[in-house]
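Asks: My questions all concern the structure below.
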Amino acid sequence: MDAIATILPTFLAAEPAGAHAPGAQVGSGPPWAILIPLLPLLASALCGVCAMLRVKSKAPAFIVVAMLGASFLATAAVWLQGGGPGPMAGASVAHGWDWIQFAWGDGPGQALIANFSLYLDSLTLLWMLFVTGLATLIALYASEYMSHDVGQGYNRFFAYFALFVFAMSCLVMGDNLLMLFLGWEGVGLCSYLLIGYFYKKPSAVAAAKKAFIVNRIGDLGLVLGVFTTFVTFGTIEYAPLFEMVGAGVDGSGHALHGSWQATWIPIFFMIGAFGKSAQLPLYVWLPDAMEGPTPVSALIHAATMVTAGVYLIARMYPIFLLDDAHTALTIVAWTGALTALLAATIGMAQFDIKRIMAYSTVSQLGYMFAGLGVLTTTGAAFHVFTHAFFKATLFLCCGAVMHGFAGQLDLRKLSGVAFMKGWGVVGVAMLVGCLNLAGFPFTAGYFSKDMILAETFVTPGSVIGGASMVGWILLLTAGLTAYYTFRVFFRVFVGPQMYEPGEEHGHAPHRHDHGPGHPPGHGEHDLADARDQAQKDEPGGAHPHGHDFHPHAPGLAINAVLAILAVASVLAALTYFIHKPDHGWVGAMVHHSTAHFGGLDAHHGDEAAHASHGSFLGLDPHKAMYYVSAVIGMVGIFVAWLLHYRGRTGAAVAPADRLLGALGPIPRWAQQKWFVDELYDFVIVKPLWALSNVFHVIDKLIVDGLVNLAGLTPRGLGAGLRPSQNGLLHSYAAGMAGGIVFILLVVWAVS
Amino acid sequence: MLLATLLIPVVAALAVAAAPADQARRIAGAGSLAFFGATLILGAMFDWSRSAEFQMASWFALSAGEGGVTVGLAVDGVSTMLILLTGLLAPLCVFGSFTAVSDRPRTFFAWLIALQAPMAGVFMARDIITFYFCFEFTLIPMFVLIALFGSSNRRAASVKFFLYTFTGSMMTLAGLVYIVWFNATRLAPDGAGAGAWTFAIDTLMRASRSMSGSEQAWVLLAMMAGFAVKTPLFPVHTWLPLAHTEAPTAGSVVLAGVLLKLGTYGLYRFVLPFVPEAVVAWAPLIGVICVIGILYAGLICWVQRDVKKLVAYSSVSHLGFCVLGLFALNAVGSAGSVLYMINHGLSTGALFFCIGMIYERYHTRSMQELGGLAARMPVWAFFMVFFTLSSVGLPGLNGFIGEIMCLMGAFQSGATWGVGGTSGPLGPWFGGVAATGMIVSAIYLLYMVGKVVFGPLKEPHGHGGAHGHGHGHAKDAGAHGALPVDLSKREIAVLTPLAALCLVLGLYPVIALRPLEAPVAANLAAVEAVRSVVAPAEALAGVEAEGAGR
Amino acid sequence: MDLATLAQGGLLHQATLTHYLFVSAAMFAIGMIGFLTRRNLIIMFLCTELMFQAAGLAFIAFGRHHLNFSGDVFVIFVLTIAAAEAALALALVVYLFRRKETLDASEWAELRG
């Protein structure tokens, strides 16, 4: 493998001018870097203008693609200027404008400052490069994919899309935790808006709501983390923060090792990360998020937004390392592993290929978290990087299928798609993506997954409790991943050619106007495709069955994007061979950022430390894992071939079905997602709803009741005295006389 | 200048009342714009670099001679901001009600305009006579607006609104009178107002600080009675949902936008600096009440069926954040609280406008009858979602800054273990538990948006359908003719300034934060002084001992 | 004592303040008892007049006792008012009689709470 490294062009291998050392001065970055977030924002605003002017063309798509492309170029420019094409040396801050500034004293920690400024280091740029790059490509793809919505939701879609990139840039580039939070919530909002893009579908609205609320639970953790960080360090700006953390002291100079803050700040951040990156127990929103248009699933729910949690932990890694017991990291490692396994088991039993991809995303995010947990930010970041490309490819291929077959996503109703006319690019891209995801040797996914797996066995159990157990879980999951990935490939893309169009086909003509009594779509379909079919087919032609249906092969934009992404997925593997001492180009980028300094990660190349390595069955994990994971991946693929390809004659049935009987109810439970949603509904949502109703009744009867009771008291007194006012002159006169007598008696008694 | 600002609405109200009915709208519009202009000039004349000082002071002798009553007006940074909010909402309310009110427009617009004067007066008052007069006088126009122009249950709502808040503020009056009496009879004359019958806030503030701990506690209780009802804080909030549901749109906007802020402003201006010792002692209890209120009212929102009632309950929940920040007794909390007052006025006021626009078209606010209106009214849906997000506290919009600062203030208050903490009576638990309110607010507001804005289109019987253009109800829409299906230009013009301000305050809050630094610090000086002498726990013990000794 | 001395005020001179007040109190008591026991509106009205005059008598007596005219002034004032009041009251009585053809005061209880 080292031979490959020497063959590679070495121009990327230039060492940075100076490594980022703890406490190094943070200079000021190029002010025009602020354009990176502002260009997408401008694009979003322009799309808003288009919406106001009711533009009925593809103009917003062109605006967005151009602006996002410019943003990508700006990112690349910042990177090159800062010492690229290798990692940048050190960090710099580019000041945009004052955002939140409030001082109540002159001392340290007596001012809350969160500016709209960008923190530029190689970790930031690593993320921004693939975020803006992929966003540009996917916007291009969406320009064709969403073309049925031109004049309807098209403007809206691209406004949200560009706004997402703005928010994501704020999240990644912000130089303080509140700006990160701005982006964090901003991407959540865009995710909400885009999942609910087909807002007439109740399922889409419910999924959007679920995503936002589950994310908010995570956000609570993040907010608490921000507060605790501020109180502890007196600042939430990265530059001074990392300086203090590097020295291991809090804002007043006390050592932090062993303090409760060192344990709890990471735990709070970790909760935030679990929400955004769909980890146990907060993963439930991501599969439902597939209600959104597929480009959104590819960009937001596979490649970028969901990796924000990984970014947060990587960014805050120095704080995570402050805790000598590594409590948070141990939880992160175990949660990642369990999420990976759980999501993989659910993914194996699904029939909707987009949902399978969603669960595989959850599962792969679990790998990244496990990587973070076992002290390899490099591995996690590398997996984020490779996963971004191949998962985007996979989603976009699924989107192309969905687009072409009227919303059909059921793997029992499609077969041999890759060999149909016009579907070659999709088939090849899908194969590339599947090989990556399955961890086939020498693919990018293979190297990145491998790095994480190796580190789980390298990291001693005394540092991260049960690290090797995490490794075994992940190895098992790797096999399952290969199986379910190729289950999709063998069922849908190869084999006998047959198809059944999706539900949107027959319903399509009715889709244009829903009256109040005409409930719109249900289940898994895209309105976009529905409109497309309505336009493609003869006007008014309702086809109850698929006889007259012709698959709609992808056009130029989709094919071009798929080709580029497939190539990029392959090329991503090559980055592993640049900067070999740092474990590849991504590793170099990570090592020259705060995600690395002062950490245990530094043991690489240190012979004395190497001796204390854990081992994989007595072998050096770094070397053994190449072979072990390759074998496991291929076994998974072979099983999939055995069960879903060999001897398969139709779309609906496969040899695997024979096994189902032997497994009893387990596949059905897995298909029902192990009833986690039902469990949450029963344990959290229902009781909370009941409690709300109880409160409502209490409010009406007791809280307001007491007030009304107080109001009734004077009324009751009045009612009691009322009979005395009988309206008869004599009784009044008698009362008067009695009163006089009474007064006289009192006067007499007193005197 | 201040007096002129106050007189404009009074004169405009008289003019509206005297003018012919068909001119009422126009005159009210002009008057409200003039009032807004005056507040803008006021904001421009105010020297923001000295925002802690009370500027443009003017004093008037009501009765001459020795011991005569003198009243005064002046503004500091906080007052000016709230006056600007009042000024902004005034024309929006008037223009927003152009078609909604067709019956007795003179009465409606005259009282609506007249309401602006006492509201601005509360923020300007520098003596407790002006303050209390204005504070109470707001009840009358509001009572009329609800009782005459409300929905079906308006009578009960208006009576409850009036009596509830009036009862509370009578107790506030008792507290204020006690301070006046204390100053006049218990203090030695010092030539600066002590030992004499005076109503000036500055003098009384100094005087009341020398009251004993138990006296302060009683005065605190008396003041809280009025201000907490007005705010409203849990558990004295039940008048608000009723009043909001029954009030006409403009009434709800003013109620949520400014009237509720009179309560929190009272807490800020009177409770904190007047009785610091009692405040320090009792803040934890008030903090607990706020946290309970945030979650309790938030969960109640979730089960509401009436959109307006939902937003009304959300006000209770939101103002819990506001008061929590205030009683964190530190600068971040106080500044957050003041910002929250403004932000809540903008976003909740706007939400009430949005709901009013729906009500004008469909004559219902029930979530069971409405749904998926985004399909029918995309522009309205945009604004509705926008202001909902502002209300949820989405970063980048205005709601976030106030909310995060209130929570942070509560969190750092008493967190003396870190350099970023401040002394204070609350602590991380308060901030942490209150922060779960963020989740609750997302739940109920998105639930509402999911039902009303998104989902399959659902309109009440007789509206919409394939040919529905909303003409069926145009007859009772007033002299200005039929409303379009989506928002009219006038309605967009009402909502746009609010949306723009939400964005500006969200993306560039520094313009509001910097001027708040000095006045907030000045307002907290008394509390700081108390805290440097006694630790909170000791002060509390002292109050209890004295209370027991009575 | 002959009439002349009587006429010159002999007996009257012997009558002290107490006597006048006694007569006044008696008149007032008679008026009040009448007012409380009778139902006829005219009788009741006459009873109130009687109480009025009792008060007037007391005024005059005190005025005489103190040797000033304050009491006389009051009485003249009260008499004037009483005259006006009597006119009004009798008019009301006539009006009430026309409404119900009876003078029984217990027939009127419209102000019952």
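Residues are named by chain letter and number: chains run A, B, ... in the order of the structure tokens, numbers start at 1 in each chain, and ligands are numbered from 1 in the order shown.
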Could you list, with a cut-off of 6 Å and counting only C-alpha atoms, the residues of chain B near chain A, each shown with its nearest atom pair and the distance in Å rounded to one decimal, rows sorted by chain and ascending number, as a Markdown table?
Replies:
| residue | atom | partner | partner_atom | distance |
| --- | --- | --- | --- | --- |
| B:Thr238 | CA | A:Asp704 | CA | 5.6 |
| B:Leu299 | CA | A:Ser692 | CA | 4.9 |
| B:Ile300 | CA | A:His696 | CA | 5.2 |
| B:Pro395 | CA | A:Leu182 | CA | 4.9 |
| B:Gly418 | CA | A:Thr232 | CA | 4.4 |
| B:Val419 | CA | A:Gly234 | CA | 5.4 |
| B:Gly420 | CA | A:Val231 | CA | 3.8 |
| B:Gly421 | CA | A:Val231 | CA | 4.9 |
| B:Ile439 | CA | A:Arg216 | CA | 5.6 |
| B:Phe454 | CA | A:Tyr199 | CA | 5.2 |
| B:Gly455 | CA | A:Lys200 | CA | 4.4 |
| B:Pro456 | CA | A:Lys200 | CA | 4.7 |
| B:Leu457 | CA | A:Pro516 | CA | 5.5 |
| B:Lys458 | CA | A:Pro516 | CA | 5.5 |
| B:Gly465 | CA | A:Gly515 | CA | 5.7 |
| B:Ala466 | CA | A:Gly515 | CA | 5.7 |
| B:Tyr508 | CA | A:Trp99 | CA | 5.4 |
| B:Val510 | CA | A:Ile100 | CA | 5.6 |
Asks: Extract the full set of alpha helix (DSSP H) residues from range 88-256 of chain A according to DSSP on the backbone, and format it as a PyMOL selection string.
Replies: chain A and resi 122-145+154-173+177-195+202-233+238-247
Asks: So which residues touch Ala61 in chain A within 7 Å, counting only C-alpha atoms, skipping near sequence neighbours fewer than 3 positions away, as JSON, numbers by chain?
Replies: {"A": [58, 64, 65, 139, 143, 158]}
Asks: One decimal, in Å: what's the spacing between CA of His148 in chain A and CA of Glu291 in chain A?
Replies: 17.2 Å
Asks: For chain A, work out the contacting residues on chain C at 6 Å, counting only C-alpha atoms, and write them as a ChimeraX atom specification.
Replies: /C:106,109-113
Asks: Take the residues just selected and output them with C-alpha atoms as a PDB file, in the first residue's frame.
Replies:
ATOM      1  CA  SER C 106     -97.196  47.945  52.078  1.00  0.00           C
ATOM      2  CA  ALA C 109     -92.313  47.194  47.512  1.00  0.00           C
ATOM      3  CA  GLU C 110     -90.757  47.792  44.116  1.00  0.00           C
ATOM      4  CA  LEU C 111     -87.339  48.462  45.630  1.00  0.00           C
ATOM      5  CA  ARG C 112     -87.038  44.962  47.011  1.00  0.00           C
ATOM      6  CA  GLY C 113     -83.401  43.819  46.636  1.00  0.00           C
TER       7      GLY C 113
END
Asks: Which polymer residues have any atom within 6 Å of an atom of Trp585 in chain A, counting only C-alpha atoms, with same-chain residues fewer than 5 positions away left out, as a PyMOL selection string?
Replies: chain A and resi 575+578-579
Asks: Would you pick out the contacts of Ala58 in chain C at 12 Å or less, using only C-alpha atoms, so that residues sharing its chain but fewer than 5 positions from it are not included, and give the list as a VMD selection string?
Replies: chain C and resid 17 to 28 51 to 53 63 to 65 70 to 72 74 to 75
Asks: Set the distance at 7 Å and use only C-alpha atoms: which residues neighbour range 430-437 of chain A once local chain neighbours fewer than 6 positions away are removed? I'd like the list as a CSV table (one decimal) with N, CA and C atoms, in the first residue's frame.
Replies:
chain,number,residue,atom,x,y,z
A,390,PHE,N,-19.8,9.1,-0.7
A,390,PHE,CA,-20.5,7.9,-1.2
A,390,PHE,C,-21.9,7.8,-0.8
A,391,LYS,N,-22.3,8.4,0.4
A,391,LYS,CA,-23.6,8.4,0.8
A,391,LYS,C,-24.5,9.3,-0.1
A,393,THR,N,-23.8,10.0,-3.1
A,393,THR,CA,-24.0,9.2,-4.4
A,393,THR,C,-25.1,8.2,-4.3
A,394,LEU,N,-25.2,7.5,-3.2
A,394,LEU,CA,-26.2,6.5,-3.0
A,394,LEU,C,-27.6,7.1,-3.0
A,397,CYS,N,-28.6,8.3,-6.3
A,397,CYS,CA,-29.0,7.2,-7.2
A,397,CYS,C,-30.4,6.8,-6.8
A,443,THR,N,-11.6,0.7,-1.5
A,443,THR,CA,-12.5,1.9,-1.6
A,443,THR,C,-12.2,2.8,-0.5
A,444,ALA,N,-12.7,4.1,-0.6
A,444,ALA,CA,-12.6,5.1,0.4
A,444,ALA,C,-13.2,4.6,1.7
A,445,GLY,N,-14.4,4.1,1.6
A,445,GLY,CA,-15.1,3.6,2.8
A,445,GLY,C,-14.3,2.6,3.5
A,446,TYR,N,-13.7,1.7,2.8
A,446,TYR,CA,-12.8,0.7,3.4
A,446,TYR,C,-11.7,1.3,4.2
A,485,THR,N,-26.4,-3.5,2.2
A,485,THR,CA,-26.1,-2.6,1.1
A,485,THR,C,-26.2,-3.4,-0.2
A,486,PHE,N,-25.7,-4.5,-0.3
A,486,PHE,CA,-25.7,-5.3,-1.5
A,486,PHE,C,-27.1,-6.0,-1.7
A,566,ALA,N,-19.4,9.9,-8.2
A,566,ALA,CA,-18.9,8.5,-8.1
A,566,ALA,C,-17.4,8.6,-8.3
Asks: List the spatial neighbours of Ser488 in chain B as a compact mmCIF listing (two decimals) with N, CA and C atoms, in the first residue's frame - criterion: any atom at most 10 Å away, only C-alpha atoms, same-chain residues fewer than 6 positions off excluded.
Replies:
# COMPACT_ATOMS: atom_id res chain seq x y z
N MET B 357 -55.91 38.13 11.15
CA MET B 357 -56.16 38.12 9.70
C MET B 357 -56.92 36.86 9.29
N VAL B 379 -48.48 33.82 1.41
CA VAL B 379 -47.81 34.97 2.02
C VAL B 379 -48.09 34.99 3.51
N TRP B 380 -49.35 34.77 3.85
CA TRP B 380 -49.70 34.72 5.26
C TRP B 380 -48.89 33.62 5.95
N ALA B 482 -64.09 43.72 0.03
CA ALA B 482 -63.71 42.34 0.25
C ALA B 482 -62.21 42.22 0.51
N VAL B 494 -48.47 45.96 7.32
CA VAL B 494 -48.50 45.93 8.78
C VAL B 494 -47.46 44.95 9.31
Asks: Apply DSSP to the structure's backbone, then extract all residues of range 10-190 of chain B labelled strand (DSSP E or B) and return them as a compact mmCIF listing (two decimals) with N, CA and C atoms, in the first residue's frame.
Replies:
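The result, written out as result.txt:
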# COMPACT_ATOMS: atom_id res chain seq x y z
N GLN B 55 -33.13 61.39 31.01
CA GLN B 55 -32.96 62.59 30.20
C GLN B 55 -34.30 63.22 29.89
N MET B 56 -34.20 64.46 29.38
CA MET B 56 -35.38 65.23 28.97
C MET B 56 -36.38 65.37 30.11
N ALA B 57 -35.84 65.50 31.32
CA ALA B 57 -36.72 65.56 32.48
C ALA B 57 -37.55 66.84 32.45
N SER B 58 -38.82 66.72 32.81
CA SER B 58 -39.64 67.91 33.00
C SER B 58 -40.54 67.67 34.20
N TRP B 59 -40.58 68.65 35.10
CA TRP B 59 -41.36 68.51 36.33
C TRP B 59 -42.47 69.55 36.34
N PHE B 60 -43.62 69.15 36.82
CA PHE B 60 -44.76 70.06 36.89
C PHE B 60 -45.31 70.04 38.31
N ALA B 61 -45.60 71.23 38.83
CA ALA B 61 -46.21 71.31 40.16
C ALA B 61 -47.72 71.24 40.00
N THR B 70 -45.64 67.41 43.13
CA THR B 70 -44.90 67.65 41.90
C THR B 70 -44.79 66.35 41.13
N VAL B 71 -45.10 66.39 39.84
CA VAL B 71 -44.98 65.19 39.03
C VAL B 71 -43.94 65.43 37.95
N GLY B 72 -43.33 64.36 37.47
CA GLY B 72 -42.26 64.54 36.50
C GLY B 72 -42.17 63.41 35.50
N LEU B 73 -41.60 63.76 34.36
CA LEU B 73 -41.37 62.78 33.31
C LEU B 73 -39.90 62.81 32.93
N ALA B 74 -39.35 61.65 32.65
CA ALA B 74 -37.99 61.56 32.11
C ALA B 74 -37.80 60.14 31.60
N VAL B 75 -36.82 59.96 30.74
CA VAL B 75 -36.61 58.62 30.19
C VAL B 75 -35.14 58.24 30.27
N ALA B 125 -42.79 57.93 33.51
CA ALA B 125 -43.06 58.51 34.83
C ALA B 125 -41.83 58.52 35.71
N ASP B 127 -42.42 59.92 38.90
CA ASP B 127 -43.01 60.01 40.23
C ASP B 127 -44.12 58.97 40.26
Asks: Could you check which of B:Gly345, B:Pro141, B:Pro20, B:Gly409 is closest to Phe387 in chain B, using only C-alpha atoms?
Replies: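 Between B:Gly345, B:Pro141, B:Pro20, B:Gly409, the residue approaching Phe387 in chain B most closely is B:Gly345.
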Asks: What does the distance from CA of Gly424 in chain A to CA of Ala553 in chain A come to in Å, to one decimal?
Replies: 9.6 Å
